[in-house]
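**Student:** Mind having a look at this structure? Questions to follow.
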Amino acid sequence: MNDMERFRNVTIENLDKVKELETNMLGVGWSLKAFMFFLIFSPYLLIVYIFSYFYRRNSSRVK
């Protein structure tokens with residue numbers, strides 16, 4: 001099934017929007033976004049946890 005068959009009922013003005021929606025819903029987009037989110041977010045959480053651990057540890061020694 002080619003693009004002409006799939007989009008035959010879509011007006012020319014809405015063709016770009018329909019292609020964008022199809023790519024976002026059925027394409028690689030959602031899985032790639034999820035992978036990149038966890039690739040960036042996981043190290044951030046680890047850095048914040050380690051920083052807060054050492055901060056609490058040092059602040060408890062000062063008292």
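The chains in the structure tokens are called A, B, ... from first to last as shown; in each chain the residues are counted from 1, and the ligands are counted from 1 in the order shown.
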Write out as a PyMOL selection string all residues of chain A that backbone DSSP assigns to helix (DSSP H, G or I).
**Tutor:** chain A and resi 3-6+12-26+29-62
**Student:** Figure out the distance between atom CA of Leu21 of chain A and atom CA of Met4 of chain A, please, to one decimal in Å.
**Tutor:**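 A separation of 16.3 Å between them.
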